[in-house]
$ cat start02.txt   # compact mmCIF, C-alpha atoms and all ligand atoms
# COMPACT_ATOMS: atom_id res chain seq x y z
CA MET A 582 -92.63 -83.94 -143.14
CA LYS A 583 -96.07 -85.45 -143.43
CA LYS A 584 -96.71 -86.86 -146.90
CA TRP A 585 -100.04 -86.80 -148.63
CA TYR A 586 -101.79 -88.90 -151.23
CA ALA A 587 -105.19 -88.70 -152.89
CA VAL A 588 -107.74 -90.36 -155.12
CA ILE A 589 -109.42 -88.28 -157.83
CA GLY A 590 -112.75 -89.22 -159.37
CA ASP A 591 -116.31 -88.13 -160.02
CA PRO A 592 -118.15 -89.24 -157.93
CA ILE A 593 -115.67 -90.03 -155.17
CA GLY A 594 -117.68 -89.96 -151.94
CA HIS A 595 -118.13 -93.72 -151.73
CA SER A 596 -114.54 -94.67 -152.53
CA LEU A 597 -113.08 -97.13 -150.02
CA SER A 598 -109.51 -96.15 -150.98
CA PRO A 599 -109.05 -93.41 -148.33
CA PHE A 600 -110.14 -95.77 -145.55
CA MET A 601 -107.88 -98.56 -146.84
CA HIS A 602 -104.72 -96.51 -147.36
CA GLU A 603 -105.08 -94.55 -144.11
CA GLN A 604 -105.44 -97.83 -142.24
CA TRP A 605 -102.25 -99.12 -143.87
CA PHE A 606 -100.36 -95.88 -143.11
CA GLU A 607 -101.39 -96.26 -139.48
CA GLU A 608 -100.40 -99.95 -139.35
CA HIS A 609 -96.95 -99.12 -140.66
CA ASN A 610 -96.41 -95.89 -138.72
CA ILE A 611 -96.10 -93.91 -141.93
CA ASP A 612 -96.74 -90.21 -141.39
CA ALA A 613 -99.11 -89.65 -144.32
CA ALA A 614 -102.69 -88.80 -145.22
CA TYR A 615 -104.85 -89.99 -148.13
CA ILE A 616 -107.72 -87.79 -149.20
CA PRO A 617 -110.58 -88.10 -151.70
CA VAL A 618 -110.57 -85.18 -154.15
CA HIS A 619 -113.82 -84.75 -156.02
CA THR A 620 -112.70 -83.77 -159.52
CA GLU A 621 -115.11 -83.06 -162.33
CA PRO A 622 -113.82 -83.66 -165.86
CA PHE A 623 -113.46 -79.95 -166.66
CA GLU A 624 -111.23 -79.49 -163.58
CA LEU A 625 -108.91 -82.44 -164.14
CA GLU A 626 -105.96 -80.51 -165.50
CA LYS A 627 -106.22 -77.78 -162.85
CA VAL A 628 -106.49 -80.31 -160.04
CA PHE A 629 -103.52 -82.29 -161.39
CA HIS A 630 -101.27 -79.21 -161.57
CA ALA A 631 -102.45 -77.99 -158.16
CA MET A 632 -101.68 -81.33 -156.52
CA ARG A 633 -98.25 -81.45 -158.12
CA THR A 634 -97.47 -77.87 -157.09
CA LEU A 635 -98.58 -78.62 -153.54
CA GLY A 636 -96.17 -81.56 -153.35
CA ILE A 637 -98.42 -84.60 -153.41
CA SER A 638 -96.45 -87.88 -153.16
CA GLY A 639 -98.77 -90.00 -155.31
CA PHE A 640 -102.39 -90.47 -156.24
CA ASN A 641 -104.99 -92.89 -157.52
CA VAL A 642 -107.26 -92.18 -160.45
CA THR A 643 -110.76 -93.55 -160.77
CA LEU A 644 -113.72 -93.05 -163.09
CA PRO A 645 -114.08 -91.07 -165.29
CA HIS A 646 -110.42 -89.92 -165.46
CA LYS A 647 -108.47 -93.12 -166.11
CA GLN A 648 -107.90 -92.27 -169.78
CA ALA A 649 -108.07 -88.49 -169.58
CA ILE A 650 -105.13 -88.30 -167.15
CA ILE A 651 -102.74 -89.92 -169.65
CA PRO A 652 -101.75 -86.82 -171.71
CA LEU A 653 -100.88 -84.99 -168.48
CA LEU A 654 -98.27 -87.55 -167.36
CA ASP A 655 -94.55 -87.73 -168.22
CA ASN A 656 -94.17 -91.53 -168.41
CA LEU A 657 -96.40 -94.56 -168.69
CA ASP A 658 -95.63 -98.03 -167.46
CA GLU A 659 -96.30 -100.97 -169.85
CA THR A 660 -99.45 -102.00 -167.95
CA ALA A 661 -100.92 -98.51 -168.40
CA ILE A 662 -99.99 -98.57 -172.10
CA ALA A 663 -101.59 -102.01 -172.55
CA MET A 664 -104.79 -100.87 -170.86
CA SER A 665 -104.77 -97.27 -172.19
CA ALA A 666 -105.79 -96.37 -168.65
CA VAL A 667 -104.06 -95.24 -165.46
CA ASN A 668 -105.18 -95.89 -161.89
CA THR A 669 -101.99 -95.00 -160.01
CA VAL A 670 -99.54 -92.12 -160.36
CA THR A 671 -96.10 -92.02 -158.78
CA PHE A 672 -93.71 -89.07 -158.52
CA ASN A 673 -89.98 -88.88 -158.98
CA GLY A 674 -89.44 -85.27 -157.99
CA LYS A 675 -91.95 -83.47 -160.19
CA ARG A 676 -91.87 -86.16 -162.89
CA THR A 677 -94.90 -88.38 -163.02
CA THR A 678 -95.40 -92.00 -164.07
CA GLY A 679 -98.80 -93.57 -164.70
CA TRP A 680 -99.40 -97.23 -163.85
CA ASN A 681 -102.32 -99.56 -163.97
CA THR A 682 -102.45 -101.99 -161.07
CA ASP A 683 -105.98 -103.31 -161.73
CA GLY A 684 -105.04 -106.32 -163.87
CA ASP A 685 -102.13 -107.38 -161.63
CA GLY A 686 -104.38 -106.78 -158.62
CA PHE A 687 -106.93 -109.17 -160.04
CA VAL A 688 -104.33 -111.84 -160.79
CA ARG A 689 -102.87 -111.57 -157.26
CA SER A 690 -106.37 -111.99 -155.83
CA LEU A 691 -106.97 -115.00 -158.06
CA MET A 692 -103.64 -116.59 -157.12
CA ALA A 693 -104.34 -116.07 -153.43
CA LYS A 694 -107.56 -118.03 -153.88
CA GLN A 695 -106.13 -120.63 -156.24
CA PRO A 696 -102.31 -120.73 -156.31
CA ASP A 697 -102.17 -123.62 -158.78
CA LEU A 698 -104.25 -121.98 -161.48
CA GLU A 699 -104.34 -124.26 -164.49
CA GLY A 700 -106.69 -125.20 -167.29
CA LYS A 701 -108.59 -122.87 -169.57
CA VAL A 702 -109.61 -119.38 -168.52
CA LEU A 703 -112.65 -117.57 -169.93
CA VAL A 704 -112.85 -113.78 -169.68
CA ILE A 705 -116.32 -112.29 -170.16
CA GLY A 706 -116.09 -108.74 -171.49
CA ALA A 707 -113.67 -106.85 -173.72
CA GLY A 708 -113.53 -103.39 -172.12
CA GLY A 709 -110.68 -101.78 -170.21
CA ALA A 710 -111.01 -104.09 -167.21
CA ALA A 711 -110.99 -107.22 -169.37
CA ARG A 712 -107.96 -105.95 -171.28
CA GLY A 713 -105.98 -105.36 -168.07
CA ILE A 714 -106.87 -108.75 -166.68
CA ALA A 715 -106.12 -110.57 -169.93
CA PHE A 716 -102.70 -108.91 -170.15
CA ALA A 717 -101.93 -109.56 -166.49
CA LEU A 718 -102.89 -113.24 -166.91
CA LYS A 719 -100.60 -113.49 -169.88
CA LYS A 720 -97.78 -111.77 -167.99
CA ALA A 721 -98.26 -114.26 -165.16
CA GLY A 722 -97.81 -117.12 -167.62
CA PHE A 723 -101.38 -118.23 -168.41
CA ASP A 724 -101.51 -118.85 -172.11
CA SER A 725 -104.93 -120.35 -172.48
CA VAL A 726 -107.16 -117.30 -172.26
CA THR A 727 -110.43 -117.11 -174.21
CA ILE A 728 -112.41 -113.88 -174.55
CA THR A 729 -116.14 -113.60 -175.04
CA ASN A 730 -118.15 -110.41 -175.35
CA ARG A 731 -121.58 -109.09 -176.31
CA THR A 732 -119.95 -107.20 -179.18
CA PHE A 733 -117.98 -110.04 -180.73
CA ARG A 734 -115.70 -107.76 -182.75
CA ARG A 735 -114.24 -106.34 -179.53
CA ALA A 736 -113.60 -109.87 -178.23
CA GLU A 737 -111.75 -110.65 -181.45
CA GLU A 738 -109.67 -107.48 -181.22
CA LEU A 739 -108.61 -108.19 -177.66
CA ALA A 740 -107.91 -111.86 -178.39
CA GLU A 741 -105.78 -110.87 -181.36
CA ALA A 742 -103.79 -108.38 -179.27
CA MET A 743 -102.82 -111.11 -176.83
CA ASN A 744 -102.76 -114.22 -179.02
CA GLY A 745 -105.82 -115.61 -177.31
CA ASN A 746 -109.08 -117.02 -178.67
CA ALA A 747 -112.39 -115.26 -179.12
CA VAL A 748 -115.77 -117.00 -178.93
CA THR A 749 -119.29 -115.65 -179.18
CA LEU A 750 -121.39 -115.42 -176.03
CA ARG A 751 -123.55 -118.29 -177.32
CA ASP A 752 -120.55 -120.55 -177.97
CA ALA A 753 -119.12 -119.63 -174.57
CA GLU A 754 -122.40 -120.57 -172.89
CA LEU A 755 -122.43 -123.96 -174.58
CA SER A 756 -118.78 -124.73 -173.81
CA LEU A 757 -118.63 -123.36 -170.24
CA ALA A 758 -117.76 -126.76 -168.76
CA GLU A 759 -114.40 -126.66 -170.60
CA PHE A 760 -113.18 -123.76 -168.48
CA SER A 761 -111.63 -124.14 -165.05
CA THR A 762 -111.90 -120.40 -164.38
CA ILE A 763 -114.52 -117.91 -165.58
CA ILE A 764 -113.88 -114.20 -165.03
CA GLN A 765 -116.76 -111.71 -165.25
CA THR A 766 -115.46 -108.22 -166.11
CA THR A 767 -118.54 -106.47 -167.51
CA SER A 768 -120.60 -103.90 -165.68
CA VAL A 769 -123.59 -106.27 -165.63
CA GLY A 770 -124.44 -106.88 -161.99
CA LEU A 771 -123.62 -103.47 -160.54
CA ALA A 772 -127.38 -103.14 -160.06
CA GLU A 773 -128.70 -106.15 -158.16
CA ASP A 774 -131.76 -106.55 -160.36
CA GLU A 775 -129.68 -106.90 -163.52
CA GLY A 776 -129.43 -110.22 -165.27
CA LEU A 777 -126.34 -112.18 -166.22
CA PRO A 778 -123.85 -111.39 -168.99
CA LEU A 779 -124.29 -115.01 -170.09
CA SER A 780 -126.19 -118.09 -168.98
CA LEU A 781 -124.36 -120.36 -166.53
CA ASP A 782 -126.57 -123.38 -167.23
CA HIS A 783 -123.62 -125.39 -168.55
CA ALA A 784 -121.06 -124.37 -165.90
CA ALA A 785 -119.41 -127.35 -164.21
CA ALA A 786 -119.40 -127.76 -160.43
CA GLY A 787 -115.99 -126.87 -158.99
CA THR A 788 -115.25 -124.23 -161.64
CA LEU A 789 -113.91 -121.00 -160.16
CA ALA A 790 -116.22 -118.09 -161.03
CA ALA A 791 -114.74 -114.64 -160.36
CA ASP A 792 -116.39 -111.24 -160.62
CA ILE A 793 -114.54 -107.91 -160.54
CA ILE A 794 -117.52 -106.14 -158.97
CA TYR A 795 -117.31 -105.81 -155.17
CA ASN A 796 -120.41 -103.75 -154.45
CA PRO A 797 -122.66 -105.71 -154.25
CA LEU A 798 -120.32 -108.35 -152.84
CA GLU A 799 -122.44 -111.09 -154.34
CA THR A 800 -123.52 -110.25 -157.88
CA PRO A 801 -126.24 -112.15 -159.75
CA PHE A 802 -123.38 -113.83 -161.67
CA LEU A 803 -121.79 -115.11 -158.46
CA LYS A 804 -125.17 -116.19 -157.06
CA ALA A 805 -125.92 -118.16 -160.24
CA ALA A 806 -122.42 -119.68 -160.18
CA GLU A 807 -122.81 -120.73 -156.57
CA ALA A 808 -126.15 -122.36 -157.41
CA LYS A 809 -124.30 -124.46 -160.02
CA GLY A 810 -121.76 -125.61 -157.43
CA CYS A 811 -118.96 -123.33 -158.62
CA ARG A 812 -116.42 -121.81 -156.25
CA THR A 813 -116.69 -118.02 -156.24
CA LEU A 814 -114.42 -115.01 -155.87
CA ASN A 815 -115.86 -111.51 -155.54
CA GLY A 816 -114.11 -108.28 -156.54
CA ILE A 817 -113.00 -107.17 -153.10
CA GLY A 818 -109.67 -108.99 -153.44
CA MET A 819 -108.93 -107.23 -156.73
CA PHE A 820 -109.75 -103.89 -155.13
CA VAL A 821 -107.47 -104.54 -152.14
CA TYR A 822 -104.58 -105.89 -154.22
CA GLN A 823 -104.69 -103.05 -156.76
CA GLY A 824 -104.43 -100.71 -153.78
CA ALA A 825 -101.66 -102.78 -152.20
CA ILE A 826 -99.58 -102.64 -155.39
CA ALA A 827 -100.02 -98.84 -155.50
CA PHE A 828 -99.09 -98.64 -151.80
CA GLU A 829 -95.93 -100.68 -152.47
CA LYS A 830 -94.95 -98.33 -155.29
CA TRP A 831 -95.42 -95.28 -153.08
CA THR A 832 -93.92 -96.52 -149.81
CA GLY A 833 -91.92 -99.67 -150.53
CA VAL A 834 -94.04 -101.47 -147.93
CA SER A 835 -96.30 -104.50 -148.61
CA PRO A 836 -99.47 -104.11 -146.53
CA ASP A 837 -101.57 -106.91 -145.01
CA THR A 838 -104.03 -107.65 -147.80
CA GLU A 839 -105.92 -110.55 -146.24
CA LYS A 840 -106.73 -108.53 -143.12
CA MET A 841 -107.99 -105.67 -145.32
CA ILE A 842 -110.17 -108.07 -147.34
CA ARG A 843 -111.77 -109.15 -144.06
CA ILE A 844 -112.28 -105.57 -142.84
CA LEU A 845 -113.80 -104.37 -146.13
CA THR A 846 -115.97 -107.46 -146.55
CA GLU A 847 -117.47 -106.80 -143.12
CA LYS A 848 -117.76 -103.06 -143.84
CA LEU A 849 -119.81 -103.92 -146.94
CA GLY A 850 -122.10 -106.15 -144.90
CA GLY A 851 -120.63 -109.47 -146.01
CA THR A 852 -119.26 -112.42 -144.06
CA TYR A 853 -115.54 -113.02 -144.40
CA VAL A 854 -114.55 -116.57 -145.19
CA ASN A 855 -110.86 -117.38 -144.97
CA ARG A 856 -109.79 -118.13 -148.50
P1 LIG B 1 -114.58 -101.15 -168.46
O1 LIG B 1 -113.43 -100.28 -168.82
O2 LIG B 1 -115.07 -100.95 -167.05
O3 LIG B 1 -114.32 -102.60 -168.76
P2 LIG B 1 -116.09 -100.66 -170.88
O4 LIG B 1 -114.87 -100.46 -171.67
O5 LIG B 1 -117.25 -99.74 -171.09
O6 LIG B 1 -115.81 -100.62 -169.33
O7 LIG B 1 -116.58 -102.17 -171.09
C1 LIG B 1 -117.74 -102.66 -170.54
C2 LIG B 1 -117.87 -104.14 -170.86
O8 LIG B 1 -119.13 -104.59 -170.35
C3 LIG B 1 -117.89 -104.44 -172.35
O9 LIG B 1 -117.33 -105.73 -172.55
C4 LIG B 1 -119.39 -104.44 -172.65
O10 LIG B 1 -119.76 -105.16 -173.80
P3 LIG B 1 -119.79 -104.44 -175.24
O11 LIG B 1 -118.39 -104.39 -175.72
O12 LIG B 1 -120.68 -105.30 -176.08
O13 LIG B 1 -120.38 -103.06 -175.01
C5 LIG B 1 -119.90 -105.13 -171.42
N1 LIG B 1 -121.31 -104.87 -171.17
C6 LIG B 1 -121.87 -103.72 -170.71
N2 LIG B 1 -123.21 -103.86 -170.58
C7 LIG B 1 -123.50 -105.14 -170.98
C8 LIG B 1 -124.72 -105.90 -171.08
N3 LIG B 1 -125.91 -105.38 -170.72
N4 LIG B 1 -124.62 -107.20 -171.49
C9 LIG B 1 -123.43 -107.74 -171.84
N5 LIG B 1 -122.25 -107.07 -171.76
C10 LIG B 1 -122.30 -105.78 -171.35
$ encode --input "start02.txt" --output "structure tokens"
Amino acid sequence: MKKWYAVIGDPIGHSLSPFMHEQWFEEHNIDAAYIPVHTEPFELEKVFHAMRTLGISGFNVTLPHKQAIIPLLDNLDETAIAMSAVNTVTFNGKRTTGWNTDGDGFVRSLMAKQPDLEGKVLVIGAGGAARGIAFALKKAGFDSVTITNRTFRRAEELAEAMNGNAVTLRDAELSLAEFSTIIQTTSVGLAEDEGLPLSLDHAAAGTLAADIIYNPLETPFLKAAEAKGCRTLNGIGMFVYQGAIAFEKWTGVSPDTEKMIRILTEKLGGTYVNR
């Protein structure tokens, strides 16, 4: 029988997830559909129960429901607990488990670009995305993670939770050359005319600068990093890998991520460069 999957969010019209998952179903001859379900906050519970009753096989959760879905689920994986947010739900019969594949997705994207990641890593931001990435980095064995954030107290809290260091934005700016990898996780840059979360004046050439934003593909942060001679990584890889990890959980199949990165890069008007 044909299976079906969904992504719930508000708004949801511009989500690239349906395109990506349907392409992967087709590539692997899996008889399944993946549909966007526009879900306003007041409808979340109703939509969740309706999908479960109708026999959905799994779904993704995007803004603004990543936290609100948690009380509706039966189990949470450790990544979802660490992030207090869920982006993927799997079913075992009617029992649900919530996962968060964002942090691991980012780390897979980073490792694909730079398999021998070493040196000090700076994470800019201390919100949900930063938390997931910091935990995923730690899980992958990177101990030297430093957090910086506009609200320093939040950087300290996150650093404490993962035995990392916290520095102020100003100190981070002055010591940028010490870091081999700088990861931008804040929402600064979603609008192209926005500034930078911190000045890159002291960034060293050759440093890897990564942004989790993928639309625009090249954020002001990445443009500034490139101007300083840094290598750059946009957020499309994280998006594709978080989806690939969800797809693996649902189907047991590992889809072709590099091909999808090329397709989505071109769909978003960018030029794909083999990484
Ligand atoms: P998410 O779950 O997507 O990470 P979030 O929890 O709202 O979202 O966190 C947003 C992050 O972007 C925070 O680190 C936030 O800094 P504060 O903790 O000081 O709020 C950061 N951020 C948002 N707007 C910013 C701005 N204009 N300059 C610097 N940092 C900003």
$ residues_around --input "start02.txt" --residues "Ala717 (chain A)" --least-positions-apart "3" --cutoff "7 Å" --atoms "all atoms listed in the file" --output "VMD selection string"
chain A and resid 684 to 685 688 713 to 714 720 to 721
$ residues_near_ligand --input "start02.txt" --ligand "ligand LIG 1 (chain B)" --cutoff "7 Å" --atoms "only C-alpha atoms and all ligand atoms" --output "JSON list (two decimals) with C-alpha atoms, in the frame of the given file"
[["chain", "number", "residue", "atom", "x", "y", "z"],
["A", 706, "GLY", "CA", -116.09, -108.74, -171.49],
["A", 707, "ALA", "CA", -113.67, -106.85, -173.72],
["A", 708, "GLY", "CA", -113.53, -103.39, -172.12],
["A", 709, "GLY", "CA", -110.68, -101.78, -170.21],
["A", 710, "ALA", "CA", -111.01, -104.09, -167.21],
["A", 711, "ALA", "CA", -110.99, -107.22, -169.37],
["A", 730, "ASN", "CA", -118.15, -110.41, -175.35],
["A", 731, "ARG", "CA", -121.58, -109.09, -176.31],
["A", 732, "THR", "CA", -119.95, -107.20, -179.18],
["A", 735, "ARG", "CA", -114.24, -106.34, -179.53],
["A", 766, "THR", "CA", -115.46, -108.22, -166.11],
["A", 767, "THR", "CA", -118.54, -106.47, -167.51],
["A", 768, "SER", "CA", -120.60, -103.90, -165.68],
["A", 769, "VAL", "CA", -123.59, -106.27, -165.63],
["A", 778, "PRO", "CA", -123.85, -111.39, -168.99]]
$ atom_distance --input "start02.txt" --atom1 "CA of Lys701 (chain A)" --atom2 "CA of Gly776 (chain A)"
24.8 Å
$ residues_around --input "start02.txt" --residues "Asp683 (chain A)" --least-positions-apart "5" --cutoff "10 Å" --atoms "only C-alpha atoms" --output "PyMOL selection string"
chain A and resi 660-661+664+666-669+688-689+709-711+713-714+717+793+819-824+826-827
$ write_last_selection --input "start02.txt" --atoms "C-alpha atoms" --output "mmCIF file, in the coordinates of the input"
data_model
loop_
_atom_site.group_PDB
_atom_site.id
_atom_site.type_symbol
_atom_site.label_atom_id
_atom_site.label_comp_id
_atom_site.auth_asym_id
_atom_site.auth_seq_id
_atom_site.Cartn_x
_atom_site.Cartn_y
_atom_site.Cartn_z
ATOM 1 C CA THR A 660 -99.450 -102.000 -167.950
ATOM 2 C CA ALA A 661 -100.920 -98.510 -168.400
ATOM 3 C CA MET A 664 -104.790 -100.870 -170.860
ATOM 4 C CA ALA A 666 -105.790 -96.370 -168.650
ATOM 5 C CA VAL A 667 -104.060 -95.240 -165.460
ATOM 6 C CA ASN A 668 -105.180 -95.890 -161.890
ATOM 7 C CA THR A 669 -101.990 -95.000 -160.010
ATOM 8 C CA VAL A 688 -104.330 -111.840 -160.790
ATOM 9 C CA ARG A 689 -102.870 -111.570 -157.260
ATOM 10 C CA GLY A 709 -110.680 -101.780 -170.210
ATOM 11 C CA ALA A 710 -111.010 -104.090 -167.210
ATOM 12 C CA ALA A 711 -110.990 -107.220 -169.370
ATOM 13 C CA GLY A 713 -105.980 -105.360 -168.070
ATOM 14 C CA ILE A 714 -106.870 -108.750 -166.680
ATOM 15 C CA ALA A 717 -101.930 -109.560 -166.490
ATOM 16 C CA ILE A 793 -114.540 -107.910 -160.540
ATOM 17 C CA MET A 819 -108.930 -107.230 -156.730
ATOM 18 C CA PHE A 820 -109.750 -103.890 -155.130
ATOM 19 C CA VAL A 821 -107.470 -104.540 -152.140
ATOM 20 C CA TYR A 822 -104.580 -105.890 -154.220
ATOM 21 C CA GLN A 823 -104.690 -103.050 -156.760
ATOM 22 C CA GLY A 824 -104.430 -100.710 -153.780
ATOM 23 C CA ILE A 826 -99.580 -102.640 -155.390
ATOM 24 C CA ALA A 827 -100.020 -98.840 -155.500
#
$ atom_distance --input "start02.txt" --atom1 "CA of Trp585 (chain A)" --atom2 "CA of Tyr615 (chain A)"
5.8 Å
$ atom_distance --input "start02.txt" --atom1 "CA of Glu737 (chain A)" --atom2 "CA of Thr749 (chain A)"
9.3 Å
$ closest_residue --input "start02.txt" --among "A:Asn796, A:Ala825, A:Gly745, A:Ala791" --to "His602 (chain A)" --atoms "only C-alpha atoms"
A:Ala825
$ residues_around --input "start02.txt" --residues "His783 (chain A)" --least-positions-apart "5" --cutoff "8 Å" --atoms "only C-alpha atoms" --output "list in words"
Glu754, Leu755, Ser756, Leu757 and Ala758 of chain A
$ write_last_selection --input "start02.txt" --atoms "C-alpha atoms" --output "PDB file, in the coordinates of the input"
ATOM      1  CA  GLU A 754    -122.400-120.570-172.890  1.00  0.00           C
ATOM      2  CA  LEU A 755    -122.430-123.960-174.580  1.00  0.00           C
ATOM      3  CA  SER A 756    -118.780-124.730-173.810  1.00  0.00           C
ATOM      4  CA  LEU A 757    -118.630-123.360-170.240  1.00  0.00           C
ATOM      5  CA  ALA A 758    -117.760-126.760-168.760  1.00  0.00           C
TER       6      ALA A 758
END
$ closest_residue --input "start02.txt" --among "A:Met632, A:Leu625, A:Ile817, A:Leu779" --to "Pro652 (chain A)" --atoms "only C-alpha atoms"
A:Leu625
$ residues_near_point --input "start02.txt" --point "(-114.0, -108.7, -143.7)" --cutoff "12 Å" --atoms "only C-alpha atoms" --output "PyMOL selection string"
chain A and resi 798+817-818+821+838-856
$ residues_around --input "start02.txt" --residues "Lys830 (chain A)" --least-positions-apart "6" --cutoff "12 Å" --atoms "all atoms listed in the file" --output "list in words"
Ser638, Gly639, Phe640, Asn641, Thr669, Val670, Thr671, Phe672, Asn673, Thr678, Gly679, Trp680, Asn681, Thr682, Gln823, Gly824 and Pro836 of chain A
$ decode --input "start02.txt" --residues "region 607-630 of chain A" --atoms "N, CA and C atoms" --output "PDB file, in the first residue's frame"
ATOM      1  N   GLU A 607      11.273   8.531  -5.565  1.00  0.00           N
ATOM      2  CA  GLU A 607      11.281   8.132  -6.968  1.00  0.00           C
ATOM      3  C   GLU A 607      12.595   7.409  -7.304  1.00  0.00           C
ATOM      4  N   GLU A 608      13.715   7.984  -6.850  1.00  0.00           N
ATOM      5  CA  GLU A 608      15.019   7.376  -7.155  1.00  0.00           C
ATOM      6  C   GLU A 608      15.133   5.958  -6.612  1.00  0.00           C
ATOM      7  N   HIS A 609      14.450   5.693  -5.512  1.00  0.00           N
ATOM      8  CA  HIS A 609      14.574   4.377  -4.878  1.00  0.00           C
ATOM      9  C   HIS A 609      13.340   3.509  -5.072  1.00  0.00           C
ATOM     10  N   ASN A 610      12.484   3.906  -6.019  1.00  0.00           N
ATOM     11  CA  ASN A 610      11.270   3.122  -6.312  1.00  0.00           C
ATOM     12  C   ASN A 610      10.460   2.804  -5.069  1.00  0.00           C
ATOM     13  N   ILE A 611      10.355   3.790  -4.182  1.00  0.00           N
ATOM     14  CA  ILE A 611       9.542   3.602  -2.976  1.00  0.00           C
ATOM     15  C   ILE A 611       8.167   4.197  -3.253  1.00  0.00           C
ATOM     16  N   ASP A 612       7.135   3.400  -3.034  1.00  0.00           N
ATOM     17  CA  ASP A 612       5.777   3.836  -3.340  1.00  0.00           C
ATOM     18  C   ASP A 612       5.265   4.702  -2.178  1.00  0.00           C
ATOM     19  N   ALA A 613       5.583   5.998  -2.230  1.00  0.00           N
ATOM     20  CA  ALA A 613       5.216   6.887  -1.129  1.00  0.00           C
ATOM     21  C   ALA A 613       5.059   8.320  -1.627  1.00  0.00           C
ATOM     22  N   ALA A 614       4.305   9.097  -0.868  1.00  0.00           N
ATOM     23  CA  ALA A 614       4.133  10.519  -1.172  1.00  0.00           C
ATOM     24  C   ALA A 614       4.543  11.325   0.053  1.00  0.00           C
ATOM     25  N   TYR A 615       4.911  12.589  -0.181  1.00  0.00           N
ATOM     26  CA  TYR A 615       5.335  13.472   0.922  1.00  0.00           C
ATOM     27  C   TYR A 615       4.644  14.808   0.686  1.00  0.00           C
ATOM     28  N   ILE A 616       3.787  15.188   1.615  1.00  0.00           N
ATOM     29  CA  ILE A 616       2.985  16.386   1.352  1.00  0.00           C
ATOM     30  C   ILE A 616       3.186  17.481   2.414  1.00  0.00           C
ATOM     31  N   PRO A 617       3.161  18.747   1.979  1.00  0.00           N
ATOM     32  CA  PRO A 617       3.214  19.842   2.944  1.00  0.00           C
ATOM     33  C   PRO A 617       1.829  20.032   3.561  1.00  0.00           C
ATOM     34  N   VAL A 618       1.771  20.121   4.881  1.00  0.00           N
ATOM     35  CA  VAL A 618       0.484  20.339   5.550  1.00  0.00           C
ATOM     36  C   VAL A 618       0.570  21.644   6.331  1.00  0.00           C
ATOM     37  N   HIS A 619      -0.103  22.652   5.808  1.00  0.00           N
ATOM     38  CA  HIS A 619      -0.092  23.943   6.492  1.00  0.00           C
ATOM     39  C   HIS A 619      -0.852  23.804   7.810  1.00  0.00           C
ATOM     40  N   THR A 620      -0.151  24.025   8.910  1.00  0.00           N
ATOM     41  CA  THR A 620      -0.734  23.788  10.237  1.00  0.00           C
ATOM     42  C   THR A 620      -0.516  25.017  11.103  1.00  0.00           C
ATOM     43  N   GLU A 621      -1.593  25.687  11.431  1.00  0.00           N
ATOM     44  CA  GLU A 621      -1.452  26.834  12.332  1.00  0.00           C
ATOM     45  C   GLU A 621      -1.365  26.316  13.770  1.00  0.00           C
ATOM     46  N   PRO A 622      -0.738  27.118  14.658  1.00  0.00           N
ATOM     47  CA  PRO A 622      -0.515  26.624  16.019  1.00  0.00           C
ATOM     48  C   PRO A 622      -1.775  26.075  16.692  1.00  0.00           C
ATOM     49  N   PHE A 623      -2.917  26.732  16.507  1.00  0.00           N
ATOM     50  CA  PHE A 623      -4.120  26.272  17.210  1.00  0.00           C
ATOM     51  C   PHE A 623      -4.621  24.919  16.686  1.00  0.00           C
ATOM     52  N   GLU A 624      -4.133  24.496  15.502  1.00  0.00           N
ATOM     53  CA  GLU A 624      -4.600  23.240  14.903  1.00  0.00           C
ATOM     54  C   GLU A 624      -3.642  22.089  15.126  1.00  0.00           C
ATOM     55  N   LEU A 625      -2.495  22.357  15.767  1.00  0.00           N
ATOM     56  CA  LEU A 625      -1.430  21.355  15.811  1.00  0.00           C
ATOM     57  C   LEU A 625      -1.914  20.007  16.342  1.00  0.00           C
ATOM     58  N   GLU A 626      -2.604  20.051  17.466  1.00  0.00           N
ATOM     59  CA  GLU A 626      -3.016  18.794  18.090  1.00  0.00           C
ATOM     60  C   GLU A 626      -3.994  18.024  17.184  1.00  0.00           C
ATOM     61  N   LYS A 627      -4.946  18.775  16.622  1.00  0.00           N
ATOM     62  CA  LYS A 627      -5.932  18.135  15.724  1.00  0.00           C
ATOM     63  C   LYS A 627      -5.245  17.512  14.512  1.00  0.00           C
ATOM     64  N   VAL A 628      -4.325  18.262  13.928  1.00  0.00           N
ATOM     65  CA  VAL A 628      -3.627  17.764  12.735  1.00  0.00           C
ATOM     66  C   VAL A 628      -2.808  16.519  13.094  1.00  0.00           C
ATOM     67  N   PHE A 629      -2.124  16.569  14.227  1.00  0.00           N
ATOM     68  CA  PHE A 629      -1.320  15.420  14.660  1.00  0.00           C
ATOM     69  C   PHE A 629      -2.196  14.164  14.796  1.00  0.00           C
ATOM     70  N   HIS A 630      -3.319  14.291  15.507  1.00  0.00           N
ATOM     71  CA  HIS A 630      -4.182  13.121  15.719  1.00  0.00           C
ATOM     72  C   HIS A 630      -4.794  12.649  14.403  1.00  0.00           C
TER      73      HIS A 630
END
